Structures are given as C-alpha cells and as structure tokens.
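Taking it in order: structure first as structure tokens, then the write-up.
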Amino acid sequence: MLYGTAGVALSDAVVRSAGATTKDYTMGVSYGIGAEMKMGNGWSTRLDLTRTDLGQKNQTFNGLTRDTSVKMDKITLGLTKSF
C-alpha cells in the first residue's frame, strides 16, 4: 500500500541569546510519502519519508540579523504485528 501525508508544523526552533525566556513560534508545512507491505502471519513493515519546512525568517542574534531557512527530513521504519 502506498500513501501520502500532509499537515501543519509548529516549532520554537529559533536562535536565542543564552538566558532568553521569550518564545517565538514558527508555523510551516509537513508532507511525505510512505509504503506498507504485509509480510505474513499478521506482520507488516512500513517506510515513511517526511519533510517539515518552516520557511525562511529573519532572526536577530547579538545585534546581527540573519536570514534562516529551516527544513527537516525524517525517515521512519516500522514493524507492526496484527492480532
């Protein structure tokens, strides 16, 4: 079976000075593809490839402003037993 995923991502992954207590959230998208295959005796295995894209943002750190782009890729391998 082949399938796709899509969703909304929310992260507080930002550049902060040490000791800073402010929260700065970024919203982006998450999407991916996957495949699942039955192996027999109620067992199946799956593989998912997911990308999370939080876009570009200007961030200031110690008086310098930098344009940052945050993208994360995730590979998940799973094994499932049905009862």
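By order in the structure tokens, chains are A, B, ...; within a chain, residues start at 1; ligands start at 1, following the order shown.
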
Which residues are close to Asn41 in chain A, i.e. within 12 Å by only C-alpha atoms, leaving aside same-chain residues fewer than 6 positions away? Reply as an mmCIF file with all heavy atoms, in the first residue's frame.
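File written: around-v1.cif
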data_model
loop_
_atom_site.group_PDB
_atom_site.id
_atom_site.type_symbol
_atom_site.label_atom_id
_atom_site.label_comp_id
_atom_site.auth_asym_id
_atom_site.auth_seq_id
_atom_site.Cartn_x
_atom_site.Cartn_y
_atom_site.Cartn_z
ATOM 1 N N THR A 80 4.998 -3.901 12.384
ATOM 2 C CA THR A 80 3.711 -3.987 13.060
ATOM 3 C C THR A 80 3.239 -5.437 13.106
ATOM 4 O O THR A 80 3.386 -6.191 12.138
ATOM 5 C CB THR A 80 2.642 -3.150 12.310
ATOM 6 O OG1 THR A 80 3.120 -1.827 12.170
ATOM 7 C CG2 THR A 80 1.324 -3.140 13.042
ATOM 8 N N LYS A 81 2.630 -5.819 14.237
ATOM 9 C CA LYS A 81 2.035 -7.143 14.405
ATOM 10 C C LYS A 81 0.548 -6.961 14.660
ATOM 11 O O LYS A 81 0.143 -6.252 15.583
ATOM 12 C CB LYS A 81 2.683 -7.866 15.591
ATOM 13 C CG LYS A 81 2.022 -9.162 15.981
ATOM 14 C CD LYS A 81 2.197 -10.240 14.953
ATOM 15 C CE LYS A 81 1.640 -11.558 15.510
ATOM 16 N NZ LYS A 81 1.349 -12.498 14.461
ATOM 17 N N SER A 82 -0.301 -7.563 13.818
ATOM 18 C CA SER A 82 -1.748 -7.524 13.999
ATOM 19 C C SER A 82 -2.193 -8.760 14.765
ATOM 20 O O SER A 82 -1.692 -9.863 14.527
ATOM 21 C CB SER A 82 -2.451 -7.486 12.642
ATOM 22 O OG SER A 82 -2.090 -6.325 11.942
ATOM 23 N N PHE A 83 -3.150 -8.573 15.675
ATOM 24 C CA PHE A 83 -3.665 -9.694 16.475
ATOM 25 C C PHE A 83 -5.076 -10.019 16.093
ATOM 26 O O PHE A 83 -5.839 -9.224 15.686
ATOM 27 C CB PHE A 83 -3.616 -9.360 17.975
ATOM 28 C CG PHE A 83 -2.202 -9.164 18.446
ATOM 29 C CD1 PHE A 83 -1.678 -7.885 18.585
ATOM 30 C CD2 PHE A 83 -1.407 -10.230 18.770
ATOM 31 C CE1 PHE A 83 -0.388 -7.687 19.031
ATOM 32 C CE2 PHE A 83 -0.100 -10.045 19.215
ATOM 33 C CZ PHE A 83 0.401 -8.774 19.347
#

Which of chain A end up as strand (DSSP E) when DSSP is run on this backbone - answer as number ranges by chain? A: 2-11, 26-40, 43-61, 64-81

Output C-alpha atoms of each residue in that selection to a file, as a compact mmCIF listing (two decimals), in the first residue's frame.
# COMPACT_ATOMS: atom_id res chain seq x y z
CA LEU A 2 1.32 3.46 -0.90
CA TYR A 3 0.13 6.59 0.92
CA GLY A 4 0.83 10.29 1.37
CA THR A 5 0.72 12.59 4.40
CA ALA A 6 0.25 16.32 4.82
CA GLY A 7 -0.09 18.58 7.83
CA VAL A 8 0.81 21.75 9.68
CA ALA A 9 4.09 22.10 11.63
CA LEU A 10 4.69 24.34 14.65
CA SER A 11 8.16 24.87 16.15
CA THR A 26 7.14 29.42 13.56
CA MET A 27 4.44 27.69 11.51
CA GLY A 28 5.14 25.66 8.40
CA VAL A 29 4.08 22.56 6.48
CA SER A 30 4.86 18.88 6.79
CA TYR A 31 4.39 16.41 3.93
CA GLY A 32 5.59 12.97 2.95
CA ILE A 33 5.11 9.60 1.32
CA GLY A 34 5.16 6.08 2.62
CA ALA A 35 4.69 2.43 1.79
CA GLU A 36 3.49 -0.52 3.87
CA MET A 37 3.89 -4.17 2.95
CA LYS A 38 2.37 -7.29 4.54
CA MET A 39 4.93 -9.97 5.38
CA GLY A 40 2.69 -12.84 6.60
CA TRP A 43 3.25 -8.90 10.38
CA SER A 44 3.80 -5.86 8.17
CA THR A 45 6.59 -3.35 7.67
CA ARG A 46 6.48 0.27 6.58
CA LEU A 47 8.79 3.07 5.45
CA ASP A 48 7.88 6.78 5.73
CA LEU A 49 9.75 9.76 4.27
CA THR A 50 8.61 13.11 5.74
CA ARG A 51 9.81 16.68 5.16
CA THR A 52 8.99 19.57 7.50
CA ASP A 53 9.51 23.04 6.01
CA LEU A 54 9.31 26.01 8.39
CA GLY A 55 10.18 28.53 5.66
CA GLN A 56 12.57 31.48 5.85
CA LYS A 57 12.73 34.02 8.62
CA ASN A 58 14.97 36.93 9.62
CA GLN A 59 16.42 36.32 13.08
CA THR A 60 18.49 38.71 15.19
CA PHE A 61 21.25 37.41 17.46
CA LEU A 64 23.24 40.75 13.74
CA THR A 65 20.25 39.87 11.54
CA ARG A 66 20.46 36.65 9.55
CA ASP A 67 18.05 35.04 7.11
CA THR A 68 17.46 31.46 8.24
CA SER A 69 15.75 28.60 6.44
CA VAL A 70 14.66 25.53 8.41
CA LYS A 71 13.89 22.23 6.66
CA MET A 72 13.97 18.84 8.34
CA ASP A 73 13.79 15.40 6.73
CA LYS A 74 12.78 12.27 8.65
CA ILE A 75 12.90 8.61 7.67
CA THR A 76 10.84 6.19 9.75
CA LEU A 77 10.98 2.39 9.51
CA GLY A 78 8.27 0.44 11.32
CA LEU A 79 7.30 -3.14 12.10
CA THR A 80 3.71 -3.99 13.06
CA LYS A 81 2.04 -7.14 14.40
